[in-house]
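Take a look at the structure below.
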Amino acid sequence: RLYLAATVKCMHAGAMTQVLFETPAGYALFKVKDDGVLSTVSSVVDAFATKESASRTVNLSAFSRFKDTVEAVTEASCVLEGKLSATLKEFLSGELKTK
């Protein structure tokens with residue numbers, strides 16, 4: 001299953017759901033502690049309403065830092081256009097294989 005909300009993407013890797021978040025500094029991959037929070041938009045909003053509720057919802061499992069501003073802008077453009085960049089593909093391939 002794939003969930004999409006803004007630039008947050010969720011994917012199932014086996015029985016575990018992971019959330020990919022694109023930030024100005026790089027890509028963050030989180031493990032979701034309870035898939036139930038992804039069942040409705042309002043439950044997702046509630047789960048991430050505060051940093052405390054977010055920390056009860058997910059754990060950071062990996063972070064891929066952008067090399068520079070040029071790469072950050074390029075990656076953001078790919079996300080906006082719905083394209084899978086080589087950088088993101090390499091990050092996800094490495095992380096999802098090892099987990």
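Please note that chains go A, B, ... in the order of the structure tokens, that every chain numbers its residues from 1, and that ligands are numbered from 1 in the order shown.
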
Residue neighbourhood segment 32-35 of chain A, 6 Å, only C-alpha atoms, exclusion window fewer than 6 positions, as a JSON list (two decimals) with C-alpha atoms, in the first residue's frame:
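Printed below is out.json as written:
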[["chain", "number", "residue", "atom", "x", "y", "z"],
["A", 17, "THR", "CA", 4.96, 0.43, 7.45],
["A", 18, "GLN", "CA", 7.52, 3.12, 6.85],
["A", 57, "THR", "CA", 3.74, 7.32, 16.35],
["A", 58, "VAL", "CA", 7.09, 6.86, 14.53]]

Discussion item. To test your reading of the structure, identify every residue in segment 13-90 of chain A that backbone DSSP assigns to helix (DSSP H, G or I), and report it as a ChimeraX atom specification.
Written reply: /A:35-38,41-47,51-57,69-81,86-90

For the selection just defined, write its residues with C-alpha atoms to a file, as a PDB file, in the first residue's frame.
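What ended up in again-v2.pdb:
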ATOM      1  CA  ASP A  35      -0.468   1.179  11.316  1.00  0.00           C
ATOM      2  CA  GLY A  36      -3.873   2.147  12.730  1.00  0.00           C
ATOM      3  CA  VAL A  37      -2.856   5.800  12.792  1.00  0.00           C
ATOM      4  CA  LEU A  38      -2.728   5.727   8.988  1.00  0.00           C
ATOM      5  CA  VAL A  41      -6.577  11.557   7.308  1.00  0.00           C
ATOM      6  CA  SER A  42      -7.810  12.892  10.644  1.00  0.00           C
ATOM      7  CA  SER A  43      -5.942  10.186  12.572  1.00  0.00           C
ATOM      8  CA  VAL A  44      -2.735  11.077  10.698  1.00  0.00           C
ATOM      9  CA  VAL A  45      -3.255  14.774  11.494  1.00  0.00           C
ATOM     10  CA  ASP A  46      -3.844  13.935  15.167  1.00  0.00           C
ATOM     11  CA  ALA A  47      -0.815  11.631  15.288  1.00  0.00           C
ATOM     12  CA  LYS A  51       6.177  16.481  18.593  1.00  0.00           C
ATOM     13  CA  GLU A  52       5.150  14.304  21.544  1.00  0.00           C
ATOM     14  CA  SER A  53       2.370  12.563  19.620  1.00  0.00           C
ATOM     15  CA  ALA A  54       4.645  12.188  16.593  1.00  0.00           C
ATOM     16  CA  SER A  55       7.333  10.542  18.727  1.00  0.00           C
ATOM     17  CA  ARG A  56       4.711   8.052  19.965  1.00  0.00           C
ATOM     18  CA  THR A  57       3.743   7.324  16.345  1.00  0.00           C
ATOM     19  CA  THR A  69      21.523  23.321  -2.047  1.00  0.00           C
ATOM     20  CA  VAL A  70      21.580  22.279  -5.704  1.00  0.00           C
ATOM     21  CA  GLU A  71      20.837  18.664  -4.786  1.00  0.00           C
ATOM     22  CA  ALA A  72      18.106  19.768  -2.340  1.00  0.00           C
ATOM     23  CA  VAL A  73      16.353  21.815  -5.036  1.00  0.00           C
ATOM     24  CA  THR A  74      16.727  19.016  -7.592  1.00  0.00           C
ATOM     25  CA  GLU A  75      15.273  16.448  -5.168  1.00  0.00           C
ATOM     26  CA  ALA A  76      12.379  18.752  -4.225  1.00  0.00           C
ATOM     27  CA  SER A  77      11.602  19.249  -7.923  1.00  0.00           C
ATOM     28  CA  CYS A  78      11.539  15.485  -8.481  1.00  0.00           C
ATOM     29  CA  VAL A  79       9.159  15.009  -5.553  1.00  0.00           C
ATOM     30  CA  LEU A  80       6.847  17.743  -6.842  1.00  0.00           C
ATOM     31  CA  GLU A  81       6.858  16.184 -10.321  1.00  0.00           C
ATOM     32  CA  ALA A  86      18.460   8.277  -8.551  1.00  0.00           C
ATOM     33  CA  THR A  87      19.341   9.658  -5.097  1.00  0.00           C
ATOM     34  CA  LEU A  88      16.020   8.639  -3.570  1.00  0.00           C
ATOM     35  CA  LYS A  89      16.025   5.262  -5.336  1.00  0.00           C
ATOM     36  CA  GLU A  90      19.508   4.484  -4.002  1.00  0.00           C
TER      37      GLU A  90
END

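Distance check against Arg65 of chain A using only C-alpha atoms: of A:Leu84, A:Ala25, A:Leu20, A:Leu96, the minimum falls on A:Ala25.
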
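Closest to Lys31 of chain A among A:Asn59, A:Ser93, A:Ser64, A:Ser85 is A:Asn59, based on only C-alpha atoms.
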
Worksheet item: Which of segment 4-71 of chain A counts as strand (DSSP E) under DSSP, as a PyMOL selection string please?
Response: chain A and resi 4-5+8-13+16-22+26-32+58-65

Discussion item. So the first atom is atom CA of Asp68 of chain A and the second is atom CA of Leu92 of chain A; what is the distance between them in Å, to one decimal place?
Written reply: 19.5 Å
